[in-house]
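Chemist: Handing over input17.tsv, TSV, C-alpha atoms.
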```tsv
chain	number	residue	atom	x	y	z
A	1	MET	CA	-37.82	-78.66	6.07
A	2	ALA	CA	-37.76	-75.07	5.58
A	3	ASP	CA	-39.17	-73.65	2.52
A	4	VAL	CA	-36.78	-72.50	-0.01
A	5	GLN	CA	-37.91	-69.15	-1.13
A	6	GLN	CA	-38.36	-69.18	-4.77
A	7	ASP	CA	-37.06	-66.37	-6.79
A	8	HIS	CA	-39.74	-64.80	-8.85
A	9	GLY	CA	-37.64	-61.88	-9.84
A	10	ASP	CA	-37.38	-62.57	-13.51
A	11	GLU	CA	-40.99	-63.39	-13.87
A	12	GLY	CA	-42.63	-61.21	-16.37
A	13	LYS	CA	-39.59	-59.14	-17.33
A	14	LYS	CA	-37.53	-61.43	-19.35
A	15	GLY	CA	-34.64	-60.73	-21.53
A	16	LYS	CA	-32.35	-57.68	-21.30
A	17	PRO	CA	-32.27	-55.69	-18.04
A	18	LYS	CA	-33.43	-52.10	-18.39
A	19	LYS	CA	-30.64	-49.94	-19.75
A	20	GLN	CA	-29.75	-47.08	-17.42
A	21	SER	CA	-29.31	-43.73	-19.05
A	22	THR	CA	-25.74	-42.54	-18.69
A	23	HIS	CA	-26.75	-38.88	-18.66
A	24	ILE	CA	-26.11	-37.20	-15.35
A	25	ASP	CA	-27.59	-33.84	-14.60
A	26	PHE	CA	-24.64	-31.50	-14.23
A	27	THR	CA	-26.64	-28.42	-13.23
A	28	PRO	CA	-25.97	-28.64	-9.47
A	29	MET	CA	-22.28	-29.06	-10.16
A	30	VAL	CA	-22.27	-25.95	-12.33
A	31	ASP	CA	-24.07	-24.12	-9.54
A	32	LEU	CA	-21.41	-25.18	-7.12
A	33	GLY	CA	-18.63	-24.20	-9.49
A	34	PHE	CA	-19.98	-20.71	-10.02
A	35	LEU	CA	-20.66	-20.26	-6.35
A	36	LEU	CA	-17.02	-20.98	-5.60
A	37	ILE	CA	-15.88	-18.70	-8.41
A	38	THR	CA	-17.97	-15.90	-6.97
A	39	PHE	CA	-16.44	-16.48	-3.56
A	40	PHE	CA	-12.90	-16.40	-4.86
A	41	MET	CA	-13.56	-13.35	-6.97
A	42	LEU	CA	-14.90	-11.42	-4.02
A	43	ALA	CA	-12.26	-12.57	-1.57
A	44	THR	CA	-9.27	-11.69	-3.67
A	45	THR	CA	-7.46	-8.46	-4.20
A	46	LEU	CA	-6.87	-8.00	-7.86
A	47	VAL	CA	-5.34	-4.54	-7.73
A	48	LYS	CA	-2.02	-4.56	-6.01
A	49	PRO	CA	-1.27	-1.30	-4.28
A	50	GLN	CA	1.45	0.94	-5.61
A	51	THR	CA	4.22	2.36	-3.54
A	52	MET	CA	6.51	5.31	-3.79
A	53	GLU	CA	9.94	4.94	-2.37
A	54	ILE	CA	11.43	7.61	-0.24
A	55	VAL	CA	14.77	7.79	1.43
A	56	LEU	CA	15.33	10.10	4.33
A	57	PRO	CA	18.70	10.98	5.82
A	58	PRO	CA	19.58	9.13	9.00
A	59	SER	CA	18.99	11.24	12.07
A	60	LYS	CA	22.22	10.17	13.75
A	61	ASP	CA	24.30	12.13	11.35
A	62	LYS	CA	21.86	14.98	11.61
A	63	ILE	CA	24.08	17.90	10.95
A	64	ASP	CA	23.62	21.45	11.99
A	65	ILE	CA	22.14	23.80	9.50
A	66	LYS	CA	25.52	25.53	9.35
A	67	ASP	CA	27.28	22.34	8.35
A	68	GLN	CA	24.88	21.43	5.60
A	69	PRO	CA	26.08	22.08	2.11
A	70	PRO	CA	24.54	25.42	1.22
A	71	VAL	CA	21.86	25.31	-1.40
A	72	LYS	CA	22.37	27.96	-3.99
A	73	ALA	CA	19.69	30.51	-3.30
A	74	SER	CA	18.81	30.80	-6.95
A	75	ARG	CA	17.98	27.10	-7.11
A	76	ALA	CA	16.19	26.75	-3.81
A	77	VAL	CA	12.44	26.56	-3.75
A	78	THR	CA	10.74	26.12	-0.42
A	79	VAL	CA	7.31	24.56	-0.44
A	80	ILE	CA	5.23	24.87	2.69
A	81	LEU	CA	2.24	22.59	3.15
A	82	GLY	CA	-0.36	24.53	5.07
A	83	LYS	CA	-3.69	23.60	6.57
A	84	ASP	CA	-6.91	23.18	4.59
A	85	ASN	CA	-5.00	21.84	1.58
A	86	LYS	CA	-3.22	25.13	1.06
A	87	LEU	CA	0.27	25.31	-0.27
A	88	PHE	CA	2.80	28.11	-0.32
A	89	TYR	CA	6.10	28.42	-2.04
A	90	TYR	CA	8.90	30.92	-2.16
A	91	GLU	CA	12.15	31.13	-4.04
A	92	GLY	CA	15.56	31.42	-2.49
A	93	GLY	CA	16.05	32.69	1.02
A	94	PRO	CA	16.30	36.05	2.74
A	95	VAL	CA	18.40	38.42	0.66
A	96	GLY	CA	19.98	41.34	2.44
A	97	GLY	CA	17.43	41.42	5.19
A	98	ALA	CA	14.47	41.37	2.85
A	99	ASP	CA	12.19	38.38	3.23
A	100	PRO	CA	11.28	36.36	0.17
A	101	LYS	CA	7.67	36.62	-0.82
A	102	ALA	CA	5.61	33.51	-0.25
A	103	ILE	CA	3.04	32.77	-2.91
A	104	LEU	CA	-0.21	30.93	-2.26
A	105	SER	CA	-0.75	27.96	-4.55
A	106	ASP	CA	-2.49	24.59	-4.59
A	107	TYR	CA	-1.98	20.96	-5.52
A	108	SER	CA	-3.77	21.14	-8.83
A	109	PRO	CA	-1.94	20.85	-12.16
A	110	LYS	CA	-2.34	24.59	-12.57
A	111	GLY	CA	-0.81	25.34	-9.20
A	112	ILE	CA	2.58	24.19	-8.01
A	113	ARG	CA	3.05	21.83	-10.95
A	114	LYS	CA	2.87	24.61	-13.51
A	115	TYR	CA	5.43	26.62	-11.60
A	116	LEU	CA	7.84	23.73	-11.05
A	117	ILE	CA	7.66	22.57	-14.63
A	118	GLY	CA	8.34	26.13	-15.72
A	119	ARG	CA	11.41	26.22	-13.54
A	120	ASN	CA	12.53	22.78	-14.59
A	121	ILE	CA	11.62	22.87	-18.26
A	122	SER	CA	14.90	21.56	-19.65
A	123	VAL	CA	14.84	18.41	-17.53
A	124	VAL	CA	11.13	17.88	-18.06
A	125	THR	CA	11.53	18.04	-21.84
A	126	LYS	CA	14.43	15.61	-21.76
A	127	MET	CA	12.45	13.27	-19.53
A	128	ARG	CA	9.45	13.38	-21.83
A	129	GLU	CA	11.63	12.61	-24.83
A	130	LEU	CA	13.09	9.69	-22.95
A	131	LYS	CA	9.67	8.43	-21.96
A	132	ALA	CA	8.42	8.73	-25.54
A	133	LYS	CA	11.44	6.79	-26.71
A	134	ASN	CA	10.78	4.18	-24.11
A	135	ALA	CA	7.17	3.87	-25.13
A	136	ALA	CA	7.91	3.73	-28.87
A	137	LYS	CA	10.59	1.11	-29.01
A	138	LYS	CA	11.34	-1.08	-26.13
A	139	MET	CA	14.33	0.11	-24.19
A	140	LYS	CA	15.83	-2.14	-21.64
A	141	PRO	CA	14.38	-1.19	-18.26
A	142	GLU	CA	17.82	-0.72	-16.74
A	143	ASP	CA	18.89	1.49	-19.65
A	144	PHE	CA	15.80	3.57	-19.12
A	145	GLU	CA	16.52	3.93	-15.42
A	146	ASN	CA	20.14	4.78	-16.06
A	147	SER	CA	19.32	7.46	-18.60
A	148	LYS	CA	16.84	8.90	-16.14
A	149	ILE	CA	19.51	9.18	-13.49
A	150	GLU	CA	21.95	10.65	-15.97
A	151	ILE	CA	19.54	13.39	-16.98
A	152	LEU	CA	18.99	14.30	-13.36
A	153	LYS	CA	22.69	14.28	-12.56
A	154	ALA	CA	23.77	16.31	-15.57
A	155	ASP	CA	21.49	19.13	-14.66
A	156	ARG	CA	22.86	22.17	-12.87
A	157	VAL	CA	20.00	24.62	-12.88
A	158	SER	CA	16.91	22.67	-11.88
A	159	PRO	CA	15.29	23.75	-8.63
A	160	ILE	CA	16.11	22.09	-5.36
A	161	VAL	CA	12.87	21.74	-3.47
A	162	ILE	CA	12.68	21.93	0.28
A	163	ILE	CA	9.40	20.57	1.57
A	164	LYS	CA	8.20	21.84	4.90
A	165	ALA	CA	4.94	20.57	6.29
A	166	THR	CA	3.04	22.43	8.96
A	167	ASN	CA	1.04	20.57	11.57
A	168	GLY	CA	-2.12	21.42	9.72
A	169	ALA	CA	-1.08	19.43	6.67
A	170	ASN	CA	-2.34	15.90	6.19
A	171	TYR	CA	-0.78	12.77	4.77
A	172	ARG	CA	-2.46	13.22	1.44
A	173	ASN	CA	-0.76	16.60	1.00
A	174	LEU	CA	2.60	15.01	1.67
A	175	VAL	CA	2.04	12.25	-0.85
A	176	ASP	CA	0.69	14.74	-3.35
A	177	ILE	CA	3.75	16.95	-3.13
A	178	LEU	CA	6.10	13.96	-3.37
A	179	ASP	CA	4.11	12.93	-6.40
A	180	GLU	CA	4.57	16.37	-7.93
A	181	MET	CA	8.32	15.92	-7.46
A	182	ALA	CA	8.10	12.79	-9.59
A	183	ILE	CA	5.89	14.43	-12.18
A	184	CYS	CA	8.09	17.51	-12.45
A	185	SER	CA	11.28	15.40	-12.53
A	186	ILE	CA	12.78	17.19	-9.57
A	187	GLY	CA	16.04	15.39	-8.84
A	188	SER	CA	16.78	16.75	-5.41
A	189	TYR	CA	14.26	17.47	-2.74
A	190	SER	CA	14.07	16.97	0.96
A	191	ILE	CA	11.54	17.01	3.74
A	192	VAL	CA	12.59	19.40	6.45
A	193	ASP	CA	11.04	20.49	9.73
A	194	ILE	CA	9.21	23.75	9.60
A	195	THR	CA	10.80	26.76	11.25
A	196	PRO	CA	9.12	29.71	12.95
A	197	TYR	CA	10.59	31.85	10.19
A	198	ASP	CA	8.59	29.99	7.55
A	199	LEU	CA	5.47	30.15	9.65
A	200	GLY	CA	5.95	33.88	9.86
A	201	LEU	CA	6.18	34.13	6.11
A	202	ILE	CA	2.86	32.42	5.50
A	203	LYS	CA	1.09	33.92	8.46
A	204	ASN	CA	-0.71	36.69	6.67
A	205	LEU	CA	-1.50	34.46	3.69
A	206	ASN	CA	-3.00	31.71	5.76
A	207	ASN	CA	-6.42	33.17	6.31
B	208	MET	CA	-44.48	-24.42	-49.92
B	209	PRO	CA	-43.85	-26.99	-47.28
B	210	LYS	CA	-43.15	-25.64	-43.85
B	211	VAL	CA	-39.68	-26.13	-42.53
B	212	LYS	CA	-40.07	-28.32	-39.60
B	213	VAL	CA	-37.96	-27.44	-36.64
B	214	LYS	CA	-36.72	-30.58	-35.10
B	215	ARG	CA	-37.70	-30.74	-31.51
B	216	ASN	CA	-34.82	-31.57	-29.28
B	217	ASN	CA	-36.16	-32.77	-26.03
B	218	ARG	CA	-32.95	-34.12	-24.64
B	219	PRO	CA	-31.76	-32.32	-21.51
B	220	LEU	CA	-29.02	-29.80	-22.19
B	221	ASP	CA	-25.58	-31.21	-21.62
B	222	MET	CA	-24.05	-29.28	-18.76
B	223	ALA	CA	-20.64	-30.94	-18.86
B	224	PRO	CA	-18.83	-28.26	-20.93
B	225	MET	CA	-20.23	-25.56	-18.68
B	226	THR	CA	-18.91	-27.39	-15.66
B	227	ASP	CA	-15.56	-27.55	-17.40
B	228	VAL	CA	-15.54	-23.80	-17.90
B	229	ALA	CA	-16.70	-23.11	-14.37
B	230	PHE	CA	-14.01	-25.26	-12.83
B	231	LEU	CA	-11.35	-23.90	-15.13
B	232	LEU	CA	-12.17	-20.40	-13.96
B	233	LEU	CA	-12.32	-21.63	-10.40
B	234	THR	CA	-8.85	-23.11	-10.70
B	235	PHE	CA	-7.55	-19.86	-12.17
B	236	PHE	CA	-8.95	-17.78	-9.34
B	237	MET	CA	-7.71	-20.19	-6.71
B	238	LEU	CA	-4.19	-20.14	-8.06
B	239	THR	CA	-3.88	-16.43	-8.71
B	240	SER	CA	-5.63	-15.19	-5.62
B	241	ASN	CA	-4.04	-13.68	-2.63
B	242	PHE	CA	-6.61	-13.05	-0.02
B	243	THR	CA	-7.57	-9.63	1.15
B	244	GLN	CA	-5.81	-9.07	4.40
B	245	LYS	CA	-8.05	-8.28	7.27
B	246	GLN	CA	-7.31	-4.86	8.61
B	247	PRO	CA	-8.35	-3.54	11.97
B	248	VAL	CA	-9.12	-0.11	10.54
B	249	LYS	CA	-10.22	1.18	7.21
B	250	VAL	CA	-7.43	3.04	5.51
B	251	ASP	CA	-8.08	5.08	2.43
B	252	THR	CA	-4.75	5.58	0.73
B	253	PRO	CA	-3.89	8.65	-1.29
B	254	THR	CA	-3.11	8.22	-4.96
B	255	SER	CA	0.11	8.75	-6.87
B	256	ILE	CA	1.48	8.17	-10.32
B	257	SER	CA	4.12	5.78	-9.02
B	258	GLU	CA	3.95	2.37	-10.65
B	259	ILE	CA	6.21	0.38	-8.41
B	260	LYS	CA	4.37	-2.61	-7.04
B	261	ILE	CA	4.72	-3.68	-3.49
B	262	PRO	CA	6.25	-7.15	-3.04
B	263	GLU	CA	4.14	-9.88	-1.54
B	264	THR	CA	6.53	-11.24	1.02
B	265	ASN	CA	8.97	-9.70	3.45
B	266	VAL	CA	6.89	-6.64	4.07
B	267	MET	CA	6.41	-4.79	7.33
B	268	MET	CA	3.13	-3.01	6.85
B	269	ILE	CA	2.55	0.01	9.02
B	270	LEU	CA	-0.99	1.31	9.04
B	271	VAL	CA	-1.75	4.81	10.19
B	272	ASP	CA	-5.43	5.52	10.44
B	273	LYS	CA	-7.33	8.81	10.36
B	274	SER	CA	-6.89	9.50	14.04
B	275	GLY	CA	-3.17	8.75	13.93
B	276	LYS	CA	-3.27	5.30	15.52
B	277	VAL	CA	-0.49	3.02	14.41
B	278	PHE	CA	-0.93	-0.63	13.48
B	279	PHE	CA	1.74	-3.10	12.57
B	280	ASN	CA	1.87	-6.24	10.51
B	281	VAL	CA	4.58	-8.50	9.21
B	282	ASP	CA	4.29	-11.63	7.12
B	283	GLY	CA	5.72	-15.06	7.77
B	284	GLN	CA	4.47	-17.16	10.69
B	285	GLN	CA	7.93	-18.05	11.97
B	286	THR	CA	9.00	-14.41	11.76
B	287	ARG	CA	5.98	-13.31	13.73
B	288	MET	CA	6.59	-15.85	16.46
B	289	ASP	CA	10.22	-14.82	16.76
B	290	VAL	CA	9.27	-11.16	16.82
B	291	LEU	CA	6.74	-11.67	19.60
B	292	LYS	CA	9.27	-13.67	21.62
B	293	LYS	CA	11.75	-10.83	21.27
B	294	MET	CA	9.17	-8.24	22.24
B	295	GLY	CA	8.17	-10.42	25.19
B	296	ALA	CA	11.77	-10.48	26.32
B	297	THR	CA	12.03	-6.70	26.03
B	298	TYR	CA	8.87	-6.04	28.01
B	299	LYS	CA	9.33	-9.00	30.37
B	300	ILE	CA	6.15	-10.75	29.31
B	301	ASN	CA	6.17	-14.47	28.87
B	302	PHE	CA	4.03	-15.74	26.04
B	303	SER	CA	2.87	-19.34	25.94
B	304	ASP	CA	3.16	-21.48	22.84
B	305	LYS	CA	-0.55	-21.13	22.27
B	306	GLU	CA	-0.33	-17.38	22.38
B	307	LEU	CA	2.62	-17.39	20.02
B	308	LYS	CA	0.67	-19.53	17.58
B	309	GLU	CA	-2.33	-17.22	17.83
B	310	PHE	CA	-0.09	-14.28	17.10
B	311	ALA	CA	1.46	-16.04	14.12
B	312	VAL	CA	-1.82	-16.38	12.27
B	313	MET	CA	-3.48	-13.07	12.90
B	314	GLY	CA	-3.22	-9.99	10.72
B	315	SER	CA	-2.48	-6.39	11.58
B	316	PHE	CA	-2.64	-5.54	15.23
B	317	GLY	CA	-2.56	-2.39	17.24
B	318	VAL	CA	-2.42	-3.13	20.93
B	319	PRO	CA	0.04	-1.95	23.54
B	320	MET	CA	2.29	-4.64	24.96
B	321	ASN	CA	0.62	-4.67	28.38
B	322	GLN	CA	-2.64	-5.72	26.75
B	323	MET	CA	-1.15	-8.11	24.26
B	324	LYS	CA	-1.72	-11.17	26.43
B	325	THR	CA	-5.42	-10.49	26.95
B	326	PHE	CA	-5.74	-9.65	23.28
B	327	LEU	CA	-4.23	-12.94	22.20
B	328	ASN	CA	-6.54	-14.90	24.50
B	329	MET	CA	-9.64	-13.35	23.01
B	330	ASN	CA	-11.85	-14.93	20.41
B	331	PRO	CA	-10.73	-13.94	16.93
B	332	GLU	CA	-14.13	-12.29	16.44
B	333	ASP	CA	-13.74	-10.18	19.55
B	334	ARG	CA	-10.34	-8.96	18.39
B	335	ASP	CA	-11.92	-7.21	15.44
B	336	ARG	CA	-14.09	-5.03	17.64
B	337	SER	CA	-13.30	-1.38	17.34
B	338	GLU	CA	-12.48	-0.90	21.02
B	339	ASN	CA	-9.56	-3.26	20.50
B	340	ALA	CA	-8.07	-1.10	17.78
B	341	LEU	CA	-6.05	0.92	20.22
B	342	GLY	CA	-2.94	1.59	18.19
B	343	ILE	CA	0.65	0.91	19.14
B	344	PRO	CA	2.12	3.61	21.37
B	345	CYS	CA	4.53	5.69	19.35
B	346	ASP	CA	5.35	8.68	21.58
B	347	SER	CA	8.71	9.73	22.83
B	348	THR	CA	7.80	8.48	26.31
B	349	ASP	CA	6.71	5.00	25.33
B	350	ASN	CA	7.78	4.10	21.82
B	351	GLN	CA	6.76	0.49	21.45
B	352	PHE	CA	6.39	0.91	17.73
B	353	LYS	CA	10.13	1.49	17.39
B	354	ASN	CA	10.79	-1.72	19.29
B	355	TRP	CA	8.44	-3.67	17.07
B	356	VAL	CA	10.26	-2.51	13.98
B	357	SER	CA	13.72	-3.15	15.33
B	358	ALA	CA	12.67	-6.57	16.66
B	359	THR	CA	11.34	-7.43	13.21
B	360	ARG	CA	14.47	-6.10	11.58
B	361	SER	CA	16.66	-8.31	13.73
B	362	VAL	CA	14.57	-11.36	12.82
B	363	ASN	CA	14.14	-10.61	9.13
B	364	THR	CA	16.86	-8.44	7.65
B	365	LYS	CA	15.32	-8.42	4.19
B	366	ALA	CA	11.94	-7.03	5.13
B	367	ILE	CA	10.99	-3.74	3.56
B	368	ILE	CA	8.94	-1.16	5.35
B	369	ALA	CA	5.70	0.04	3.85
B	370	ILE	CA	3.70	2.83	5.39
B	371	LYS	CA	0.03	2.84	4.56
B	372	GLY	CA	-1.47	6.04	5.78
B	373	ASP	CA	-4.97	7.33	5.47
B	374	ARG	CA	-5.22	10.38	3.29
B	375	ALA	CA	-6.82	12.30	6.11
B	376	SER	CA	-4.29	11.43	8.79
B	377	THR	CA	-2.44	14.48	9.96
B	378	TYR	CA	1.17	15.24	9.22
B	379	PRO	CA	2.28	15.12	12.88
B	380	ALA	CA	0.99	11.52	13.12
B	381	ILE	CA	2.94	10.48	10.05
B	382	LYS	CA	5.95	12.42	11.21
B	383	LYS	CA	5.93	10.54	14.50
B	384	VAL	CA	6.15	7.28	12.59
B	385	MET	CA	8.80	8.60	10.23
B	386	SER	CA	11.02	9.98	12.95
B	387	SER	CA	10.69	6.77	14.97
B	388	LEU	CA	11.95	4.94	11.91
B	389	GLN	CA	14.72	7.47	11.48
B	390	ASP	CA	15.80	6.94	15.07
B	391	ILE	CA	16.47	3.27	14.44
B	392	ASN	CA	18.17	4.00	11.14
B	393	GLU	CA	15.45	2.75	8.87
B	394	ASN	CA	15.77	5.37	6.20
B	395	ARG	CA	14.40	3.63	3.18
B	396	TYR	CA	10.74	2.89	3.09
B	397	ASN	CA	7.73	2.83	0.87
B	398	LEU	CA	4.56	4.81	1.02
B	399	VAL	CA	1.61	2.78	-0.15
B	400	THR	CA	-0.60	4.62	-2.59
B	401	GLY	CA	-3.34	3.88	-5.05
B	402	LEU	CA	-2.88	4.32	-8.74
B	403	GLU	CA	-3.53	7.63	-10.41
B	404	LYS	CA	-3.10	8.30	-14.06
B	405	GLU	CA	-0.54	10.94	-14.93
B	406	SER	CA	-2.66	13.67	-16.37
B	407	ASP	CA	-1.59	15.71	-19.32
B	408	PHE	CA	-0.42	19.12	-18.44
```
Could the structure of this file be written out as structure tokens, please?
Modeler:
Amino acid sequence: MADVQQDHGDEGKKGKPKKQSTHIDFTPMVDLGFLLITFFMLATTLVKPQTMEIVLPPSKDKIDIKDQPPVKASRAVTVILGKDNKLFYYEGGPVGGADPKAILSDYSPKGIRKYLIGRNISVVTKMRELKAKNAAKKMKPEDFENSKIEILKADRVSPIVIIKATNGANYRNLVDILDEMAICSIGSYSIVDITPYDLGLIKNLNN
Amino acid sequence: MPKVKVKRNNRPLDMAPMTDVAFLLLTFFMLTSNFTQKQPVKVDTPTSISEIKIPETNVMMILVDKSGKVFFNVDGQQTRMDVLKKMGATYKINFSDKELKEFAVMGSFGVPMNQMKTFLNMNPEDRDRSENALGIPCDSTDNQFKNWVSATRSVNTKAIIAIKGDRASTYPAIKKVMSSLQDINENRYNLVTGLEKESDF
């Protein structure tokens, strides 16, 4: 007969089995957790980009210059974006054969912004008051927007800016000037193709 | 005076609360994150004071890099597949299901239509190589960019157009994009900018 193996297991150690400690080392798990956090932090975009909205007229109803509603010369300001981050502006249009004088300026707060705010001071003050009011006690966002539009509509003297970019201008210049329009609360502005006439005006200032 | 005996604590430090914190943060980041989109070119946007945020869905993103190359991207896998089918029909290229699926999951692209098929059959790693960042033709002779936008518009009517230009890209390059959009009557669009604080003046 085969031997029955005898169990000697409980020889010597009698009584209670050894109690296992319930403590688990969590350190590797923490390591893992922080590793994943690091990954997610690096892989995400926290800052969402801003946008500025622009609306351009449809080209199909592109009307001839003659058919366009005439801009009152006293309100018109033409801004020309030149090369090497230069900027020129002139007021009105040709009067009685005499060309308007283009003035060299730049994109800094002391340049075009100072001039436009000077021209547009009544609207800018109203806008600032509105913004202060909005910041102080919570206006409804739609009320704020509506009052903004009302201020712009009520105005009859603020400059109308015509933006003309030369081929030497870059995208940053365009965004900068559109930004100035927002800062200076210019209600009406448009981006127009440059004409040889304008190029002639800035020719001697360009160098 | 008897010395104050500091009780020695030799037990291992309990890491469980730390794990809790770590995983809580992990959960937060996982839920709030939207991954950085891979872009074929580096675009350094100009800054503006505008505070309007760009929506996360239904966006046609148009990238214009320094040299004026145009790249296009639209979200939504189904939209992308439909757009590619439409473009295939326009340019008489037949895309297989596999190619459509590949197109659905990739990011911005800038390849002319005649190279689209080879591009889609490449390894995803090879697609990122700089020689494949050709730009979508956007000239008056061959304006594929216009067709991309109108194809997308016909598939997704709600999509908004966002132009992300590099600050150094020239005005003629941007103008080409803008007038292409004007031609197909897309007159409302967004320029993507970074945030700039409105300085006191």
Chemist: May I have a table of the residues of chain A lying at most 6 Å from chain B, giving each one's closest pair of atoms and their distance in Å to one decimal, counting all atoms listed in the file, ordered by chain and ascending residue number, as CSV?
Modeler:
```
residue,atom,partner,partner_atom,distance
A:Phe26,CA,B:Met222,CA,5.1
A:Val30,CA,B:Thr226,CA,4.9
A:Gly33,CA,B:Ala229,CA,5.4
A:Phe34,CA,B:Ala229,CA,6.0
A:Ile37,CA,B:Leu233,CA,5.0
A:Ala43,CA,B:Phe242,CA,5.9
A:Thr44,CA,B:Phe242,CA,4.7
A:Thr45,CA,B:Thr243,CA,5.5
A:Pro49,CA,B:Gly401,CA,5.6
A:Gln50,CA,B:Lys260,CA,4.8
A:Thr51,CA,B:Val399,CA,4.3
A:Met52,CA,B:Leu398,CA,5.2
A:Glu53,CA,B:Asn397,CA,4.5
A:Ile54,CA,B:Tyr396,CA,5.8
A:Val55,CA,B:Arg395,CA,4.5
A:Leu56,CA,B:Asn394,CA,5.1
A:Pro58,CA,B:Gln389,CA,5.7
A:Ser59,CA,B:Gln389,CA,5.7
A:Asn167,CA,B:Pro379,CA,5.7
A:Ala169,CA,B:Tyr378,CA,5.4
A:Asn170,CA,B:Thr377,CA,4.0
A:Tyr171,CA,B:Arg374,CA,5.3
A:Arg172,CA,B:Arg374,CA,4.4
A:Asp179,CA,B:Ser255,CA,5.8
```
Chemist: Identify, on the basis of only C-alpha atoms, every residue whose closest approach to Leu152 (chain A) does not exceed 8 Å; exclude the query and any residue fewer than 2 positions from it along the same chain; express the result as JSON, numbers by chain.
Modeler: {"A": [123, 148, 149, 150, 154, 155, 185, 186, 187]}
Chemist: Between CA of Ala76 (chain A) and CA of Ala132 (chain A), what is the distance, to one decimal in Å?
Modeler: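 Answer for the CA of Ala76 (chain A) to CA of Ala132 (chain A) separation: 29.3 Å.
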Chemist: Go ahead and compute the interatomic distance for CA of Lys86 (chain A) and CA of Lys110 (chain A), in Å to one decimal.
Modeler: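 According to the coordinates, CA of Lys86 (chain A) and CA of Lys110 (chain A) are separated by 13.7 Å.
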